[in-house]
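**Student:** Hey, dropping final35.cif in here, mmCIF, C-alpha atoms:
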data_coords
loop_
_atom_site.label_atom_id
_atom_site.label_comp_id
_atom_site.auth_asym_id
_atom_site.auth_seq_id
_atom_site.Cartn_x
_atom_site.Cartn_y
_atom_site.Cartn_z
CA MET A 1 29.80 1.02 17.72
CA ASN A 2 26.40 2.55 18.42
CA VAL A 3 23.41 1.30 16.44
CA LYS A 4 19.99 2.95 16.46
CA VAL A 5 16.74 1.71 14.93
CA LEU A 6 14.42 4.64 14.20
CA GLY A 7 10.68 4.07 13.99
CA SER A 8 7.50 4.37 15.97
CA GLY A 9 7.04 0.69 16.77
CA CYS A 10 5.43 -0.46 13.50
CA ALA A 11 5.84 -3.99 12.15
CA ASN A 12 8.65 -3.00 9.76
CA CYS A 13 10.58 -1.31 12.57
CA GLN A 14 10.46 -4.51 14.59
CA ARG A 15 11.61 -6.52 11.56
CA LEU A 16 14.53 -4.14 11.09
CA ALA A 17 15.52 -4.43 14.77
CA ALA A 18 15.37 -8.24 14.54
CA ASN A 19 17.47 -8.25 11.35
CA VAL A 20 20.07 -5.97 12.98
CA GLN A 21 20.31 -8.41 15.90
CA LEU A 22 20.78 -11.34 13.49
CA ALA A 23 23.42 -9.44 11.50
CA LEU A 24 25.37 -8.57 14.66
CA GLU A 25 25.27 -12.17 15.88
CA HIS A 26 26.33 -13.54 12.51
CA ALA A 27 29.19 -11.06 12.24
CA GLY A 28 30.25 -11.74 15.83
CA MET A 29 30.15 -8.01 16.57
CA THR A 30 28.97 -6.39 19.72
CA ALA A 31 27.14 -3.11 19.62
CA GLU A 32 24.72 -1.10 21.64
CA VAL A 33 21.34 -1.31 19.88
CA GLU A 34 18.96 1.46 20.77
CA LYS A 35 15.37 1.94 19.64
CA VAL A 36 14.40 5.53 18.94
CA GLU A 37 10.64 6.04 18.95
CA ASP A 38 10.40 9.76 19.67
CA ILE A 39 9.17 11.55 16.58
CA ALA A 40 11.22 14.71 17.16
CA ALA A 41 14.39 12.65 17.59
CA ILE A 42 13.61 10.72 14.38
CA MET A 43 13.07 13.98 12.48
CA GLY A 44 16.37 15.24 13.90
CA TYR A 45 18.14 12.69 11.70
CA GLY A 46 16.38 14.05 8.60
CA VAL A 47 14.46 10.77 8.25
CA THR A 48 10.98 11.01 6.72
CA ALA A 49 10.47 7.32 5.96
CA THR A 50 10.68 4.84 8.79
CA PRO A 51 12.16 2.43 9.67
CA ALA A 52 15.69 3.80 9.52
CA LEU A 53 19.05 2.46 10.60
CA VAL A 54 21.58 4.83 12.15
CA VAL A 55 25.13 3.68 12.90
CA ASP A 56 27.44 6.00 14.82
CA GLU A 57 25.05 8.89 14.09
CA ARG A 58 25.06 8.28 10.32
CA VAL A 59 21.80 7.34 8.58
CA LEU A 60 22.56 4.24 6.48
CA VAL A 61 19.07 3.06 5.55
CA SER A 62 15.63 4.62 5.59
CA GLY A 63 12.22 3.52 4.41
CA ARG A 64 13.03 -0.15 3.88
CA VAL A 65 14.03 -3.30 5.72
CA PRO A 66 17.33 -4.71 4.41
CA SER A 67 18.13 -8.40 4.90
CA PRO A 68 20.48 -9.46 7.73
CA SER A 69 23.31 -10.04 5.22
CA GLN A 70 22.88 -6.55 3.71
CA ILE A 71 22.95 -5.05 7.20
CA GLU A 72 26.08 -7.07 7.98
CA ALA A 73 27.78 -5.60 4.89
CA LEU A 74 26.73 -2.10 5.96
CA LEU A 75 28.01 -2.63 9.50
CA ARG A 76 31.36 -3.93 8.25
CA GLY A 77 31.68 -0.89 5.99
CA VAL A 78 31.51 1.54 8.92
CA MET B 1 36.58 0.47 -6.46
CA GLN B 2 36.94 -0.75 -10.06
CA ALA B 3 36.43 -4.32 -8.88
CA THR B 4 33.23 -3.50 -6.98
CA VAL B 5 31.75 -1.67 -9.99
CA ALA B 6 32.42 -4.70 -12.21
CA GLY B 7 30.99 -6.94 -9.47
CA ALA B 8 27.82 -4.87 -9.27
CA GLN B 9 27.45 -4.97 -13.06
CA ARG B 10 27.78 -8.76 -13.03
CA ALA B 11 25.20 -8.99 -10.24
CA ASP B 12 22.81 -6.75 -12.24
CA ALA B 13 23.20 -8.84 -15.40
CA ARG B 14 22.55 -12.04 -13.46
CA ALA B 15 19.51 -10.46 -11.78
CA TRP B 16 18.04 -9.35 -15.14
CA LEU B 17 18.51 -12.88 -16.52
CA LEU B 18 16.64 -14.33 -13.52
CA VAL B 19 13.82 -11.79 -13.86
CA VAL B 20 13.35 -12.56 -17.58
CA ALA B 21 13.31 -16.31 -16.82
CA ALA B 22 10.80 -15.73 -14.00
CA LEU B 23 8.62 -13.67 -16.35
CA ALA B 24 8.55 -16.57 -18.85
CA VAL B 25 7.54 -19.01 -16.10
CA TRP B 26 4.89 -16.55 -14.89
CA ILE B 27 3.33 -16.21 -18.36
CA VAL B 28 3.21 -19.99 -18.82
CA LEU B 29 1.58 -20.43 -15.40
CA TYR B 30 -0.94 -17.66 -16.02
CA ARG B 31 -1.94 -19.24 -19.31
CA THR B 32 -2.28 -22.76 -17.90
CA ILE B 33 -4.15 -22.30 -14.60
CA LEU B 34 -7.62 -22.27 -16.18
CA PRO B 35 -7.18 -25.50 -18.23
CA PHE B 36 -5.37 -27.03 -15.26
CA TRP B 37 -8.24 -26.44 -12.78
CA ASP B 38 -10.79 -27.48 -15.44
CA TRP B 39 -8.93 -30.76 -15.75
CA TRP B 40 -8.40 -31.23 -12.00
CA VAL B 41 -11.84 -30.25 -10.64
CA TYR B 42 -14.00 -31.70 -13.42
CA GLY B 43 -11.74 -34.48 -14.73
CA VAL B 44 -9.73 -35.89 -11.81
CA VAL B 45 -12.03 -35.09 -8.87
CA GLY B 46 -15.02 -35.66 -11.13
CA LEU B 47 -17.29 -32.79 -10.05
CA ASP B 48 -19.99 -31.69 -12.45
CA PRO B 49 -19.56 -28.11 -13.75
CA ALA B 50 -23.33 -27.73 -13.81
CA THR B 51 -23.73 -28.33 -10.05
CA ARG B 52 -23.37 -25.67 -7.36
CA LEU B 53 -20.56 -27.57 -5.64
CA GLY B 54 -18.61 -28.08 -8.88
CA GLY B 55 -18.94 -24.41 -9.82
CA ALA B 56 -17.95 -23.17 -6.35
CA VAL B 57 -14.91 -25.45 -6.00
CA HIS B 58 -13.64 -24.49 -9.45
CA PHE B 59 -14.26 -20.79 -8.72
CA PHE B 60 -12.27 -21.05 -5.45
CA PHE B 61 -9.17 -22.77 -6.85
CA TYR B 62 -9.07 -20.79 -10.08
CA ASP B 63 -9.57 -17.41 -8.38
CA VAL B 64 -7.04 -18.09 -5.61
CA SER B 65 -4.31 -19.12 -8.06
CA LYS B 66 -5.10 -16.28 -10.48
CA ILE B 67 -5.02 -13.62 -7.75
CA LEU B 68 -1.84 -15.00 -6.20
CA LEU B 69 -0.11 -14.93 -9.61
CA LEU B 70 -1.36 -11.41 -10.37
CA LEU B 71 -0.29 -10.13 -6.95
CA THR B 72 3.17 -11.65 -7.30
CA GLY B 73 3.73 -10.14 -10.75
CA ILE B 74 2.18 -6.72 -10.19
CA VAL B 75 3.56 -6.10 -6.68
CA PHE B 76 7.04 -7.03 -7.93
CA VAL B 77 6.94 -4.70 -10.94
CA VAL B 78 5.38 -1.82 -8.98
CA THR B 79 7.92 -2.14 -6.15
CA VAL B 80 10.84 -2.11 -8.60
CA LEU B 81 9.42 0.97 -10.39
CA ARG B 82 8.68 2.71 -7.10
CA SER B 83 12.25 2.17 -5.91
CA PHE B 84 13.23 5.03 -8.23
CA LEU B 85 11.22 7.39 -6.06
CA SER B 86 11.41 7.95 -2.32
CA VAL B 87 9.64 10.08 0.25
CA GLU B 88 12.69 12.39 0.22
CA ARG B 89 12.55 12.88 -3.57
CA THR B 90 8.80 13.42 -3.46
CA ARG B 91 9.27 16.04 -0.77
CA ALA B 92 11.85 17.83 -2.92
CA LEU B 93 9.46 17.69 -5.92
CA LEU B 94 6.58 19.15 -3.89
CA GLY B 95 8.50 21.74 -1.86
CA GLY B 96 7.58 25.37 -2.60
CA ARG B 97 4.84 24.48 -5.12
CA ARG B 98 1.69 26.53 -5.39
CA ALA B 99 -1.34 24.82 -3.84
CA GLY B 100 -3.24 24.00 -7.08
CA LEU B 101 -0.61 22.17 -9.10
CA GLY B 102 1.00 20.93 -5.88
CA THR B 103 -2.22 19.21 -4.83
CA VAL B 104 -2.58 17.34 -8.12
CA LEU B 105 1.10 16.41 -8.04
CA GLY B 106 0.78 15.39 -4.38
CA ALA B 107 -2.01 12.93 -5.20
CA LEU B 108 -0.08 11.47 -8.18
CA LEU B 109 3.10 11.12 -6.14
CA GLY B 110 1.07 9.55 -3.33
CA VAL B 111 0.37 6.71 -5.74
CA ALA B 112 3.92 6.46 -7.10
CA THR B 113 6.01 6.81 -3.93
CA PRO B 114 6.90 3.75 -1.85
CA PHE B 115 5.23 4.59 1.43
CA CYS B 116 3.91 2.79 4.48
CA SER B 117 1.18 4.56 6.40
CA CYS B 118 3.22 3.84 9.54
CA SER B 119 5.54 6.66 8.34
CA ALA B 120 2.63 9.08 7.97
CA VAL B 121 3.77 11.19 10.91
CA PRO B 122 7.43 11.77 10.00
CA ALA B 123 6.38 12.29 6.37
CA PHE B 124 3.77 14.85 7.39
CA ILE B 125 6.25 16.80 9.52
CA GLY B 126 8.95 16.53 6.87
CA PHE B 127 6.62 17.80 4.14
CA VAL B 128 5.16 20.72 6.09
CA ALA B 129 8.54 21.77 7.49
CA ALA B 130 10.02 21.72 3.98
CA GLY B 131 7.37 24.17 2.76
CA VAL B 132 5.05 21.74 0.97
CA PRO B 133 1.52 23.26 0.98
CA LEU B 134 -0.86 21.60 3.46
CA SER B 135 -3.26 20.65 0.64
CA ALA B 136 -0.46 18.88 -1.30
CA THR B 137 0.62 17.05 1.86
CA LEU B 138 -2.95 15.91 2.55
CA ALA B 139 -3.47 14.88 -1.09
CA PHE B 140 -0.39 12.69 -0.75
CA LEU B 141 -1.62 11.16 2.51
CA ILE B 142 -5.12 10.46 1.12
CA ALA B 143 -4.06 9.06 -2.27
CA SER B 144 -1.26 6.86 -0.93
CA PRO B 145 -3.40 4.31 0.95
CA MET B 146 -6.45 4.74 -1.32
CA VAL B 147 -4.80 3.76 -4.59
CA ASP B 148 -3.24 0.70 -2.97
CA VAL B 149 -1.48 -1.71 -5.32
CA VAL B 150 -2.97 -4.81 -3.66
CA ALA B 151 -6.51 -3.43 -3.82
CA VAL B 152 -6.15 -2.37 -7.46
CA THR B 153 -4.67 -5.76 -8.40
CA LEU B 154 -7.60 -7.57 -6.80
CA LEU B 155 -10.07 -5.33 -8.65
CA TYR B 156 -8.28 -6.09 -11.89
CA GLY B 157 -8.31 -9.84 -11.22
CA LEU B 158 -11.98 -9.96 -10.22
CA PHE B 159 -13.60 -7.26 -12.38
CA GLY B 160 -11.22 -6.49 -15.24
CA TRP B 161 -9.08 -3.47 -16.08
CA GLN B 162 -11.96 -1.03 -16.69
CA ILE B 163 -13.16 -1.19 -13.08
CA ALA B 164 -9.56 -1.10 -11.79
CA ALA B 165 -8.86 2.03 -13.87
CA LEU B 166 -12.12 3.59 -12.74
CA TYR B 167 -11.13 2.98 -9.13
CA VAL B 168 -7.68 4.56 -9.61
CA GLY B 169 -9.22 7.60 -11.33
CA ALA B 170 -11.91 7.99 -8.67
CA GLY B 171 -9.32 7.65 -5.89
CA LEU B 172 -7.21 10.43 -7.40
CA VAL B 173 -10.25 12.68 -7.82
CA VAL B 174 -11.37 12.15 -4.21
CA ALA B 175 -7.82 12.89 -2.96
CA ILE B 176 -7.46 16.06 -5.06
CA VAL B 177 -10.94 17.44 -4.34
CA ALA B 178 -10.85 16.63 -0.61
CA ALA B 179 -7.33 18.06 -0.18
CA THR B 180 -8.17 21.22 -2.15
CA LEU B 181 -11.22 21.79 0.00
CA LEU B 182 -9.22 21.16 3.19
CA GLY B 183 -6.55 23.57 1.94
CA ARG B 184 -9.16 26.31 1.38
CA LEU B 185 -10.48 25.99 4.92
CA ARG B 186 -7.25 27.50 6.36
CA LEU B 187 -6.75 24.65 8.76
CA GLU B 188 -3.10 25.36 9.56
CA ARG B 189 -4.16 26.45 13.07
CA PHE B 190 -5.25 22.87 13.78
CA VAL B 191 -1.79 21.48 13.07
CA GLU B 192 0.21 21.00 16.28
CA GLY B 193 2.56 23.96 16.66
CA PHE B 194 5.78 21.99 16.96
CA VAL B 195 5.42 20.79 13.35
CA PHE B 196 6.16 24.24 11.96
CA GLU B 197 9.07 24.68 14.36
CA THR B 198 10.73 21.40 13.51
CA ARG B 199 13.95 21.92 11.64
CA VAL B 200 14.48 19.22 9.08
CA ARG B 201 18.00 18.24 8.25
CA ALA B 202 18.72 17.57 4.60
CA GLY B 203 17.36 14.06 4.28
CA VAL B 204 19.20 11.00 3.14
CA ASP B 205 17.88 9.56 -0.08
CA PRO B 206 17.22 5.86 0.52
CA ALA B 207 17.07 5.23 -3.23
CA LEU B 208 20.64 6.42 -3.63
CA GLY B 209 23.12 3.90 -5.00
CA LEU B 210 20.67 1.07 -5.59
CA GLY B 211 21.59 -1.24 -8.46
CA TRP B 212 19.12 -3.36 -10.46
CA ALA B 213 19.95 -6.40 -8.34
CA ASP B 214 19.06 -4.40 -5.18
CA ARG B 215 15.81 -3.15 -6.74
CA PHE B 216 14.77 -6.67 -7.75
CA ALA B 217 15.62 -7.89 -4.24
CA LEU B 218 13.36 -5.15 -2.84
CA GLY B 219 10.56 -6.27 -5.16
CA LEU B 220 10.93 -9.91 -4.12
CA ASP B 221 11.00 -8.95 -0.46
CA GLU B 222 7.80 -6.92 -0.83
CA VAL B 223 6.01 -9.77 -2.64
CA GLY B 224 7.01 -12.13 0.17
CA SER B 225 5.93 -9.82 2.96
CA ILE B 226 2.58 -8.99 1.31
CA LEU B 227 1.74 -12.62 0.53
CA ARG B 228 2.68 -13.73 4.06
CA ARG B 229 0.42 -11.05 5.50
CA ILE B 230 -2.64 -11.52 3.31
CA TRP B 231 -2.96 -15.21 2.42
CA PRO B 232 -5.38 -16.16 5.22
CA PHE B 233 -7.67 -13.22 4.37
CA LEU B 234 -7.49 -14.07 0.68
CA LEU B 235 -8.43 -17.73 1.26
CA VAL B 236 -11.32 -16.84 3.60
CA GLY B 237 -12.54 -14.04 1.33
CA ILE B 238 -12.50 -16.12 -1.85
CA GLY B 239 -13.90 -19.13 0.05
CA LEU B 240 -16.89 -17.13 1.27
CA GLY B 241 -17.14 -15.55 -2.18
CA ALA B 242 -17.32 -19.02 -3.75
CA ALA B 243 -20.06 -20.04 -1.32
CA ILE B 244 -22.06 -16.87 -2.05
CA HIS B 245 -21.46 -17.42 -5.75
CA GLY B 246 -22.94 -20.91 -5.54
CA TRP B 247 -25.68 -20.70 -2.96
CA LEU B 248 -27.11 -17.23 -2.32
CA PRO B 249 -30.15 -16.18 -4.38
CA GLU B 250 -29.39 -14.11 -7.47
CA ASP B 251 -31.39 -11.02 -6.59
CA LEU B 252 -30.58 -10.87 -2.84
CA PHE B 253 -29.04 -7.41 -3.00
CA ALA B 254 -30.88 -6.06 -5.98
CA ARG B 255 -33.72 -5.11 -3.62
CA ILE B 256 -31.86 -3.95 -0.47
CA ALA B 257 -28.62 -2.50 -1.87
CA GLY B 258 -29.31 -1.89 -5.53
CA PRO B 259 -28.59 1.42 -7.27
CA ASP B 260 -31.98 2.82 -6.24
CA ASN B 261 -31.38 2.78 -2.51
CA PRO B 262 -29.94 6.22 -1.55
CA PHE B 263 -28.73 4.98 1.86
CA ALA B 264 -26.67 2.10 0.50
CA VAL B 265 -23.55 4.20 -0.30
CA PRO B 266 -23.23 6.11 3.03
CA LEU B 267 -23.90 2.88 4.92
CA ALA B 268 -21.20 1.06 2.93
CA VAL B 269 -18.71 3.85 3.72
CA LEU B 270 -19.51 3.65 7.47
CA LEU B 271 -19.13 -0.13 7.40
CA GLY B 272 -15.75 0.19 5.72
CA VAL B 273 -14.05 2.27 8.45
CA PRO B 274 -13.41 -0.53 10.99
CA LEU B 275 -12.35 -3.04 8.30
CA TYR B 276 -9.00 -1.43 7.53
CA THR B 277 -6.73 -4.48 7.60
CA ASN B 278 -8.90 -6.87 5.70
CA VAL B 279 -9.25 -5.28 2.28
CA VAL B 280 -7.85 -8.47 0.75
CA GLY B 281 -10.56 -10.60 2.29
CA VAL B 282 -13.22 -7.97 1.73
CA ILE B 283 -12.79 -7.49 -2.03
CA PRO B 284 -13.49 -11.10 -3.14
CA LEU B 285 -16.46 -11.09 -0.79
CA VAL B 286 -17.99 -7.93 -2.24
CA ALA B 287 -17.13 -9.13 -5.75
CA ALA B 288 -19.38 -12.12 -5.12
CA LEU B 289 -22.05 -9.81 -3.69
CA GLN B 290 -21.86 -7.63 -6.80
CA ALA B 291 -22.87 -10.65 -8.86
CA LYS B 292 -25.96 -10.82 -6.61
CA GLY B 293 -27.09 -7.31 -7.41
CA LEU B 294 -24.97 -5.07 -5.13
CA ALA B 295 -24.43 -1.85 -7.09
CA MET B 296 -20.94 -1.15 -8.44
CA GLY B 297 -20.75 2.42 -7.06
CA THR B 298 -21.69 1.18 -3.58
CA LEU B 299 -19.00 -1.46 -3.86
CA LEU B 300 -16.25 0.95 -4.95
CA ALA B 301 -17.22 3.41 -2.20
CA PHE B 302 -17.03 0.61 0.34
CA MET B 303 -13.54 -0.38 -0.84
CA MET B 304 -12.28 3.19 -0.75
CA SER B 305 -13.58 3.60 2.76
CA VAL B 306 -11.87 0.37 3.85
CA VAL B 307 -8.45 1.52 2.63
CA ALA B 308 -8.58 5.32 2.99
CA LEU B 309 -10.35 5.85 6.31
CA SER B 310 -8.27 3.76 8.63
CA LEU B 311 -8.60 4.16 12.37
CA PRO B 312 -4.94 3.37 13.22
CA GLU B 313 -3.73 6.00 10.75
CA MET B 314 -6.02 8.60 12.32
CA ILE B 315 -4.62 7.73 15.75
CA LEU B 316 -1.06 8.11 14.43
CA LEU B 317 -1.91 11.46 12.84
CA ARG B 318 -3.29 12.69 16.16
CA ARG B 319 0.32 13.37 17.16
CA VAL B 320 0.60 16.12 14.55
CA LEU B 321 -3.00 17.15 13.91
CA LYS B 322 -5.50 18.46 16.44
CA PRO B 323 -8.71 16.40 16.83
CA GLN B 324 -10.76 19.05 15.00
CA LEU B 325 -8.63 18.69 11.87
CA ILE B 326 -8.74 14.88 12.01
CA ALA B 327 -12.54 15.02 12.28
CA ILE B 328 -12.81 17.50 9.36
CA PHE B 329 -10.31 15.40 7.37
CA ALA B 330 -12.30 12.19 7.89
CA ALA B 331 -15.62 13.91 7.16
CA VAL B 332 -14.39 15.53 3.92
CA VAL B 333 -12.79 12.30 2.64
CA ALA B 334 -15.91 10.31 3.57
CA ALA B 335 -18.14 12.85 1.81
CA GLY B 336 -15.93 12.61 -1.29
CA ILE B 337 -16.18 8.83 -1.30
CA VAL B 338 -19.96 8.91 -0.86
CA GLY B 339 -20.18 11.37 -3.76
CA VAL B 340 -18.12 9.11 -6.02
CA GLY B 341 -20.25 6.08 -5.05
CA ILE B 342 -23.52 7.84 -5.79
CA LEU B 343 -22.16 9.21 -9.07
CA PHE B 344 -21.07 5.74 -10.23
CA ASN B 345 -24.41 4.22 -9.23
CA ALA B 346 -26.11 6.85 -11.37
CA VAL B 347 -23.97 6.44 -14.50
CA LEU B 348 -22.83 2.78 -14.51
#
Take the structure in the file and give it back as structure tokens.

**Tutor:**
Amino acid sequence: MNVKVLGSGCANCQRLAANVQLALEHAGMTAEVEKVEDIAAIMGYGVTATPALVVDERVLVSGRVPSPSQIEALLRGV
Amino acid sequence: MQATVAGAQRADARAWLLVVAALAVWIVLYRTILPFWDWWVYGVVGLDPATRLGGAVHFFFYDVSKILLLLTGIVFVVTVLRSFLSVERTRALLGGRRAGLGTVLGALLGVATPFCSCSAVPAFIGFVAAGVPLSATLAFLIASPMVDVVAVTLLYGLFGWQIAALYVGAGLVVAIVAATLLGRLRLERFVEGFVFETRVRAGVDPALGLGWADRFALGLDEVGSILRRIWPFLLVGIGLGAAIHGWLPEDLFARIAGPDNPFAVPLAVLLGVPLYTNVVGVIPLVAALQAKGLAMGTLLAFMMSVVALSLPEMILLRRVLKPQLIAIFAAVVAAGIVGVGILFNAVL
């Protein structure tokens, strides 16, 4: 599984990255977590509100920071 | 699938029940804080309401609890309402509009859309690439931070709804007038070229599939994150406000920053630029200064400048706008704010 956190380094983007890490640990899953800060790459996903969560190239969340348990549910659904 | 739908409905019903119960608790608290602090400060601690210390201590505790309650309630409701909109929906609403109506709509949607100025750059590119007129895009970007829910709530708590409404109206007018003017100046050449070449994929709508329980959770999360961020500023601001309230002479500002001083408004706007993060601490402070004769128009202009002309946002926007456009943008918005301040000083 490939997980990307999209956002240009703002506070919410860091919160999202931290929550993703917590969700992965809690679920006992391993995944590559990548931070995407390049604006053109972010736009390439059709995201206009950061932070966004992309799993296996699908945008699952944008413009908000879900809780670790919500992220866990999303990751299990993939 | 049937089971998950029923599960979501049960979760929504439970969430509504909790929200109604919380509303009842909120109303009771809001009604009891004044008698409670009267009893505590004057009765239990035994301070005299007629002394400076008694007045200042009561002012501090009552204002802090009132503002915290107001922020909790209003931020929650606004976040839940805003969750029905998203930057993607706003973009679809604004795409292909003519500049005039689009600019007005852009300012209104700037207020209504959940938006963090840290997404200003992707939003700007997304809007322009989707054919939203530049003036509508700028109106959105000016109005969004200016008519800030925390700032408006504080104005309501400290000055009443008339001043809060006046601020919202003035913020919208500044955004619409400044953006219209900027649109007329044909500034497209100062937008970095790659913006127009960016191809935007059909966006995902983050508001899609949210149930009531999810929306309430978003509201609660926002209340928590705002309160965690602002409480030190709020305590310091109201603390200093209480001290000013009690100890500074009544007519301190009537002479140097009263309505008759033509330099007060531009100076207030300049002072506001570097204070971008501290609007929460700044408002109670200026509220106390207003009681000492600082003119209302000067005060509103100062607040607008604190929230709307933020240095970090300008630096972010530098990635899509050339320096000339950022300078013109800041100058036009600042001029608009100064105009509003002077107007209010003349009529209020």

**Student:** Hey, what comes out of the PyMOL selection byres ((chain A and resi 8) around 10) on this file? Could you write it as an NGL selection string?

**Tutor:** (:A and (5-7 or 9-14 or 35-39 or 42 or 50-51)) or (:B and (118-119 or 121-122 or 316))

**Student:** Given the selection you just returned, output its residues as a file containing C-alpha atoms, formatted as a CSV table (one decimal), in the coordinates of the input.

**Tutor:**
chain,number,residue,atom,x,y,z
A,5,VAL,CA,16.7,1.7,14.9
A,6,LEU,CA,14.4,4.6,14.2
A,7,GLY,CA,10.7,4.1,14.0
A,9,GLY,CA,7.0,0.7,16.8
A,10,CYS,CA,5.4,-0.5,13.5
A,11,ALA,CA,5.8,-4.0,12.2
A,12,ASN,CA,8.6,-3.0,9.8
A,13,CYS,CA,10.6,-1.3,12.6
A,14,GLN,CA,10.5,-4.5,14.6
A,35,LYS,CA,15.4,1.9,19.6
A,36,VAL,CA,14.4,5.5,18.9
A,37,GLU,CA,10.6,6.0,19.0
A,38,ASP,CA,10.4,9.8,19.7
A,39,ILE,CA,9.2,11.6,16.6
A,42,ILE,CA,13.6,10.7,14.4
A,50,THR,CA,10.7,4.8,8.8
A,51,PRO,CA,12.2,2.4,9.7
B,118,CYS,CA,3.2,3.8,9.5
B,119,SER,CA,5.5,6.7,8.3
B,121,VAL,CA,3.8,11.2,10.9
B,122,PRO,CA,7.4,11.8,10.0
B,316,LEU,CA,-1.1,8.1,14.4

**Student:** For the structure provided, state which residues fall under the PyMOL selection byres ((chain A) within 6 of (chain B)), and present them as a list of chain:residue names.

**Tutor:** A:Gly46, A:Val47, A:Thr48, A:Ala49, A:Thr50, A:Ser62

**Student:** Written as a short mmCIF file (atom, residue, chain, number, x, y, z; two decimals) with C-alpha atoms, in the frame of the given file, what is the full residue list that the PyMOL selection byres ((chain A and resi 67-77) around 10) yields on the file shown?

**Tutor:**
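Result saved to selection_11.cif:
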data_model
loop_
_atom_site.label_atom_id
_atom_site.label_comp_id
_atom_site.auth_asym_id
_atom_site.auth_seq_id
_atom_site.Cartn_x
_atom_site.Cartn_y
_atom_site.Cartn_z
CA MET A 1 29.80 1.02 17.72
CA VAL A 3 23.41 1.30 16.44
CA ARG A 15 11.61 -6.52 11.56
CA LEU A 16 14.53 -4.14 11.09
CA ALA A 17 15.52 -4.43 14.77
CA ALA A 18 15.37 -8.24 14.54
CA ASN A 19 17.47 -8.25 11.35
CA VAL A 20 20.07 -5.97 12.98
CA GLN A 21 20.31 -8.41 15.90
CA LEU A 22 20.78 -11.34 13.49
CA ALA A 23 23.42 -9.44 11.50
CA LEU A 24 25.37 -8.57 14.66
CA GLU A 25 25.27 -12.17 15.88
CA HIS A 26 26.33 -13.54 12.51
CA ALA A 27 29.19 -11.06 12.24
CA MET A 29 30.15 -8.01 16.57
CA LEU A 53 19.05 2.46 10.60
CA VAL A 55 25.13 3.68 12.90
CA LEU A 60 22.56 4.24 6.48
CA VAL A 61 19.07 3.06 5.55
CA ARG A 64 13.03 -0.15 3.88
CA VAL A 65 14.03 -3.30 5.72
CA PRO A 66 17.33 -4.71 4.41
CA VAL A 78 31.51 1.54 8.92
CA ASP B 214 19.06 -4.40 -5.18
CA ALA B 217 15.62 -7.89 -4.24
CA LEU B 218 13.36 -5.15 -2.84
CA ASP B 221 11.00 -8.95 -0.46
#

**Student:** Give me the residues within 8 Å of region 234-240 of chain B as a list in words, counting all atoms listed in the file and dropping any in the same chain fewer than 5 places off.

**Tutor:** Phe60, Asp63, Val64, Val280, Gly281, Val282, Ile283, Pro284 and Leu285 of chain B

**Student:** Which protein, DNA or RNA residues are at most 10 Å from (21.6, -2.8, -10.3) in the file's coordinates when you count all atoms listed in the file, listed as a list in words?

**Tutor:** Ala8, Gln9, Arg10, Ala11, Asp12, Ala13, Arg14, Ala15, Trp16, Gly209, Leu210, Gly211, Trp212, Ala213, Asp214, Arg215, Phe216 and Ala217 of chain B

**Student:** In Å, rounded to a single decimal, give me how far CA of Gly246 (chain B) is from CA of Val41 (chain B).

**Tutor:**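 Computing it gives 15.4 Å between the two atoms.
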
**Student:** Quick one: distance from CA of Leu158 (chain B) to CA of Leu311 (chain B) in Å, one decimal?

**Tutor:**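 Taking CA of Leu158 (chain B) as the start and CA of Leu311 (chain B) as the end point, the length is 26.9 Å.
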
**Student:** Can you measure CA of Ile142 (chain B) to CA of Ala179 (chain B) for me? One decimal in Å is fine.

**Tutor:** 8.0 Å

**Student:** From the options B:Ser305, B:Thr90, B:Ser135, B:Thr298, which residue's atoms come nearest to Pro274 (chain B), counting all atoms listed in the file?

**Tutor:**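 Of B:Ser305, B:Thr90, B:Ser135, B:Thr298, the one nearest Pro274 (chain B) is B:Ser305, counting all atoms listed in the file.
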
**Student:** Between B:Ala334, B:Leu220, B:Leu289, B:Ile230, which one has atoms that come closest to Leu271 (chain B), using only C-alpha atoms?

**Tutor:**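 Going through B:Ala334, B:Leu220, B:Leu289, B:Ile230 one by one, the smallest distance to Leu271 (chain B) is for B:Ala334.
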
**Student:** Show me, as a compact mmCIF listing (two decimals) with C-alpha atoms, in the frame of the given file, the residues that have an atom within 7 Å of Val306 (chain B) when counting all atoms listed in the file, minus same-chain residues fewer than 3 positions from it.

**Tutor:**
# COMPACT_ATOMS: atom_id res chain seq x y z
CA GLY B 272 -15.75 0.19 5.72
CA VAL B 273 -14.05 2.27 8.45
CA LEU B 275 -12.35 -3.04 8.30
CA TYR B 276 -9.00 -1.43 7.53
CA VAL B 279 -9.25 -5.28 2.28
CA PHE B 302 -17.03 0.61 0.34
CA MET B 303 -13.54 -0.38 -0.84
CA LEU B 309 -10.35 5.85 6.31
CA SER B 310 -8.27 3.76 8.63
